[in-house]
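One structure is given here, and the rest of the page talks about it.
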Amino acid sequence: MNHTTRIIASLLAASLLMIACGGGGGSSGSGGGFVDAVAPTVSYVAPAANHGEVGPNAKITATFSEAMNTASVTSALSLIDKVSGLPVPVQSVEYDPLNKIATMVPQGQLSTNRAYQASVSTAAKDLAGNALAVEYTWEFVTAGSADAVPPTVTSVSPANGSTSVSLNSAVSMAFSEPMDARTLNAAFSLSNGSTPVAGFLSYVGQAAVFTPDAALAPNTTYTARLSIAAKDLADNALAADVVWQFRTGASVDTAAPAVTSVTPAPGAIGVSRATSITVQFDRPFYPFFFGSIDGQVVPVVIDYATNTVTMTPAAPLAANTSYSSSVQVKSLTGTSMDAPFTWSFTTGL
């Protein structure tokens, strides 16, 4: 018995998903143009599947693999109280086309210590009119009280005090919990002295990345700032502004990331069914769009202090089963790995 564990980076996801769907599923129309026939997928959710202790004041989000039709998405999300079986009244569903994130806001707080099921129905369609192939559902359990804990920035790249930073580098930050992507753009700034740097901020998974519109200036000190306007999905703001500095060098980096270590190790046997999957790279990488294990979207936690990504299964892996893992990313300077890094391991009882 063989299962596949797939980890895919954001800007490579589309091509890999097309391969997984049979070479892309596209066809040529009468005018010779490409016709998009690839079904979109749900690639990240928050709260995570099977997550307990979710703040009853939290919003629910679903991230998609490609740009979606706004009207179709806002009508496709729903929430059910697992105890009563009744739908939960929803105040609003907003769709962020830049980050491809739908955010559902319940009417008032959810009940405490209660199981809920969130769904994205096949009414959700991409811009070409392709619907989700199947409804995507996941469950979570609320905590006994509202979430009042401020989020934190757990790591950044370039790190504070870094020197000789590549002129084509983006700036990335990882968070302690899922954030409300709608609050991040206005909260972040990058400046060279008093001169702001133009660019765009993307939110992917549990991290954000700012990509400058043009190359950074050589041998120059830059200041990055994320203000307390940044909030988590329960509307908790950062406790204080996060500020860090780095200095550029005189050149650009065109090297692709390389995998330096993975766990479980390649070929490992008798692996615990509760194991986490980790991958370490030799340089900072673009934040992961999603990770899936046995078809279940799971959180991806990034640590830029060690350039490591960790995925934890939402449920125990199958016993005595061979798993194949694959990862392909690009660096924060924009260079992609030429091919996926793959390895396998086998679980125990």
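Each chain in the structure tokens gets a letter, A, B and so on, in the order shown; residues start at 1 in every chain, and ligands are counted from 1 in the order they appear.
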Next item on the list: List every residue of stretch 252-339 of chain A that DSSP, applied to the backbone of this structure, assigns to strand (DSSP E or B), and report them as a PyMOL selection string.
Entry: chain A and resi 259-263+271+277-281+285+288-293+296-298+300-303+308-311+322-328+330-331+336
Next item on the list: Quick one: everything within 12 Å of A:Ser84, counting only C-alpha atoms, minus sequence neighbours fewer than 5 positions away in the same chain. Send it as a list in words.
Entry: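 Neighbouring residues, sequence-local ones excluded: Leu79, Ser111, Arg114, Ala115, Tyr116 and Gln117 of chain A.
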Would you save the residues of that selection, restricted to C-alpha atoms, as an mmCIF file, in the first residue's frame?
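Written file, again.cif:
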data_model
loop_
_atom_site.group_PDB
_atom_site.id
_atom_site.type_symbol
_atom_site.label_atom_id
_atom_site.label_comp_id
_atom_site.auth_asym_id
_atom_site.auth_seq_id
_atom_site.Cartn_x
_atom_site.Cartn_y
_atom_site.Cartn_z
ATOM 1 C CA LEU A 79 -20.577 26.319 8.595
ATOM 2 C CA SER A 111 -20.436 28.295 21.035
ATOM 3 C CA ARG A 114 -18.281 22.639 20.381
ATOM 4 C CA ALA A 115 -17.523 20.801 17.144
ATOM 5 C CA TYR A 116 -18.132 22.551 13.833
ATOM 6 C CA GLN A 117 -17.879 21.509 10.204
#
Next item on the list: Kindly give the distance, in Å, that separates atom CA of A:Thr183 and atom CA of A:Ala230, rounded to a single decimal.
Entry: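 Between these atoms lies a distance of 5.2 Å.
Residue nearest A:Val204 within the list A:Thr254, A:Thr312, A:Thr63, A:Asn50: A:Thr63 [criterion: smallest interatomic distance, only C-alpha atoms].
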Check: Out of A:Val88, A:Ala143, A:Ala215, A:Met173, which residue has the shortest atom-to-atom distance to A:Asp253 when counting only C-alpha atoms?
Finding: A:Ala215
Check: Residues at most 6 Å from A:Lys59, counting only C-alpha atoms, excluding those fewer than 4 positions away in the same chain, as a list of chain:residue names?
Finding: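 Returned residues: A:Met104, A:Val105, A:Leu233.
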Output the selection as a tab-separated table (two decimals), in the first residue's frame - N, CA and C atoms for each residue.
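Okay, this is what ended up in again-v3.tsv:
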chain	number	residue	atom	x	y	z
A	104	MET	N	-14.74	33.81	6.01
A	104	MET	CA	-16.12	33.72	6.47
A	104	MET	C	-16.21	34.22	7.91
A	105	VAL	N	-17.12	35.16	8.14
A	105	VAL	CA	-17.31	35.76	9.46
A	105	VAL	C	-18.68	35.33	9.99
A	233	LEU	N	-6.89	35.94	13.10
A	233	LEU	CA	-8.26	35.72	12.67
A	233	LEU	C	-9.29	35.95	13.78
Notebook entry, point to check: Which of these, A:Asp282, A:Asp338, A:Asp213, A:Asp303, has the shortest distance to A:Val156 once you count only C-alpha atoms?
Noted result: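 Among the listed residues, A:Asp303 lies closest to A:Val156.
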Note to self: Set the distance at 7 Å and use only C-alpha atoms: which residues neighbour A:Ser145 once local chain neighbours fewer than 5 positions away are removed? I'd like the list as a ChimeraX atom specification.
What the structure shows: /A:55-56,112
Once you have the residues from the selection above, write them out as an mmCIF file, in the first residue's frame, restricted to C-alpha atoms.
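Saved as part08.cif:
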data_model
loop_
_atom_site.group_PDB
_atom_site.id
_atom_site.type_symbol
_atom_site.label_atom_id
_atom_site.label_comp_id
_atom_site.auth_asym_id
_atom_site.auth_seq_id
_atom_site.Cartn_x
_atom_site.Cartn_y
_atom_site.Cartn_z
ATOM 1 C CA GLY A 55 -11.184 30.586 19.609
ATOM 2 C CA PRO A 56 -14.973 30.877 19.251
ATOM 3 C CA THR A 112 -17.621 27.182 23.313
#
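A straight line drawn from atom CA of A:Ser194 to atom CA of A:Ala239 is 24.8 Å long.
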Checklist line | Of the listed residues A:Val309, A:Val93, A:Ala234, A:Leu216, that which approaches A:Leu167 most closely, counting only C-alpha atoms | finding: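 Once distances to A:Leu167 are computed over only C-alpha atoms, the minimum belongs to A:Leu216.
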Margin query: So, with only C-alpha atoms as the atoms that count, which of A:Val243, A:Met179, A:Ala48, A:Val153 lies closest to A:Ser191?
Written below: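 Of A:Val243, A:Met179, A:Ala48, A:Val153, the one nearest A:Ser191, counting only C-alpha atoms, is A:Val243.
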Margin query: Show me, as number ranges by chain, the residues that have an atom within 8 Å of A:Thr342 when counting only C-alpha atoms, minus same-chain residues fewer than 5 positions from it.
Written below: A: 324-327
Next item on the list: Going by DSSP on the backbone, which bits of stretch 57-248 of chain A are alpha helix (DSSP H)? Write them as a ChimeraX atom specification, please.
Entry: /A:70-76,184-187
Next item on the list: Identify, on the basis of only C-alpha atoms, every residue whose closest approach to A:Phe246 does not exceed 9 Å; exclude the query and any residue fewer than 6 positions from it along the same chain; express the result as number ranges by chain.
Entry: A: 158-165, 220-224
Output file for the selection above: N, CA and C atoms, as an mmCIF file, in the first residue's frame:
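Final output, again25.cif:
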data_model
loop_
_atom_site.group_PDB
_atom_site.id
_atom_site.type_symbol
_atom_site.label_atom_id
_atom_site.label_comp_id
_atom_site.auth_asym_id
_atom_site.auth_seq_id
_atom_site.Cartn_x
_atom_site.Cartn_y
_atom_site.Cartn_z
ATOM 1 N N PRO A 158 15.185 38.636 5.178
ATOM 2 C CA PRO A 158 16.488 38.487 5.822
ATOM 3 C C PRO A 158 16.389 38.725 7.338
ATOM 4 N N ALA A 159 17.230 38.026 8.078
ATOM 5 C CA ALA A 159 17.226 38.159 9.524
ATOM 6 C C ALA A 159 17.717 39.535 9.956
ATOM 7 N N ASN A 160 17.316 39.929 11.161
ATOM 8 C CA ASN A 160 17.767 41.200 11.702
ATOM 9 C C ASN A 160 19.295 41.214 11.785
ATOM 10 N N GLY A 161 19.906 42.267 11.257
ATOM 11 C CA GLY A 161 21.361 42.394 11.295
ATOM 12 C C GLY A 161 22.086 41.709 10.157
ATOM 13 N N SER A 162 21.342 41.092 9.231
ATOM 14 C CA SER A 162 21.993 40.424 8.101
ATOM 15 C C SER A 162 22.754 41.416 7.238
ATOM 16 N N THR A 163 23.840 40.957 6.656
ATOM 17 C CA THR A 163 24.626 41.773 5.726
ATOM 18 C C THR A 163 24.794 41.008 4.416
ATOM 19 N N SER A 164 25.205 41.710 3.403
ATOM 20 C CA SER A 164 25.429 41.119 2.075
ATOM 21 C C SER A 164 24.173 40.444 1.536
ATOM 22 N N VAL A 165 23.022 41.004 1.851
ATOM 23 C CA VAL A 165 21.756 40.469 1.360
ATOM 24 C C VAL A 165 21.650 40.698 -0.153
ATOM 25 N N THR A 220 23.306 49.032 1.061
ATOM 26 C CA THR A 220 22.343 49.957 1.663
ATOM 27 C C THR A 220 21.622 49.266 2.820
ATOM 28 N N THR A 221 21.361 50.027 3.882
ATOM 29 C CA THR A 221 20.626 49.504 5.028
ATOM 30 C C THR A 221 19.128 49.743 4.843
ATOM 31 N N TYR A 222 18.356 48.679 5.044
ATOM 32 C CA TYR A 222 16.905 48.751 4.917
ATOM 33 C C TYR A 222 16.261 48.434 6.261
ATOM 34 N N THR A 223 15.112 49.069 6.511
ATOM 35 C CA THR A 223 14.342 48.823 7.729
ATOM 36 C C THR A 223 12.976 48.263 7.353
ATOM 37 N N ALA A 224 12.660 47.098 7.902
ATOM 38 C CA ALA A 224 11.346 46.478 7.698
ATOM 39 C C ALA A 224 10.529 46.675 8.973
#
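Picture a line from atom CA of A:Pro299 to atom CA of A:Phe285; it runs 16.8 Å.
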Pick out the residues sitting within 10 Å of A:Ile277, and hand them over as a PDB file with C-alpha atoms, in the first residue's frame; count only C-alpha atoms, and ignore anything fewer than 2 positions along from it in its own chain.
ATOM      1  CA  THR A   5       2.488  13.122   0.857  1.00  0.00           C
ATOM      2  CA  ILE A   7       4.312  19.590  -0.301  1.00  0.00           C
ATOM      3  CA  VAL A 262      14.406  15.717   5.811  1.00  0.00           C
ATOM      4  CA  THR A 263      12.535  13.795   8.500  1.00  0.00           C
ATOM      5  CA  PRO A 264      11.534  11.053   8.461  1.00  0.00           C
ATOM      6  CA  ALA A 265      14.818  10.110   6.807  1.00  0.00           C
ATOM      7  CA  ALA A 274       2.157  10.667  14.592  1.00  0.00           C
ATOM      8  CA  THR A 275       5.373  11.875  12.974  1.00  0.00           C
ATOM      9  CA  VAL A 279      12.352  19.704   5.278  1.00  0.00           C
ATOM     10  CA  ILE A 293      -1.128  14.433   3.682  1.00  0.00           C
ATOM     11  CA  VAL A 300       2.728  24.412   7.144  1.00  0.00           C
ATOM     12  CA  VAL A 309       9.327  23.795   7.086  1.00  0.00           C
ATOM     13  CA  THR A 310       7.234  21.428   9.231  1.00  0.00           C
ATOM     14  CA  MET A 311       3.970  19.665   8.401  1.00  0.00           C
ATOM     15  CA  THR A 312       2.018  17.777  11.067  1.00  0.00           C
ATOM     16  CA  PRO A 313      -0.661  15.256  10.015  1.00  0.00           C
ATOM     17  CA  SER A 325       7.011  12.740  -0.175  1.00  0.00           C
TER      18      SER A 325
END
Notebook entry, point to check: Hey, which of A:Ser251, A:Ser272, A:Thr137, A:Gln109 ends up closest to A:Ala76? Count only C-alpha atoms.
Noted result: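 Of A:Ser251, A:Ser272, A:Thr137, A:Gln109, the one nearest A:Ala76 is A:Thr137, counting only C-alpha atoms.
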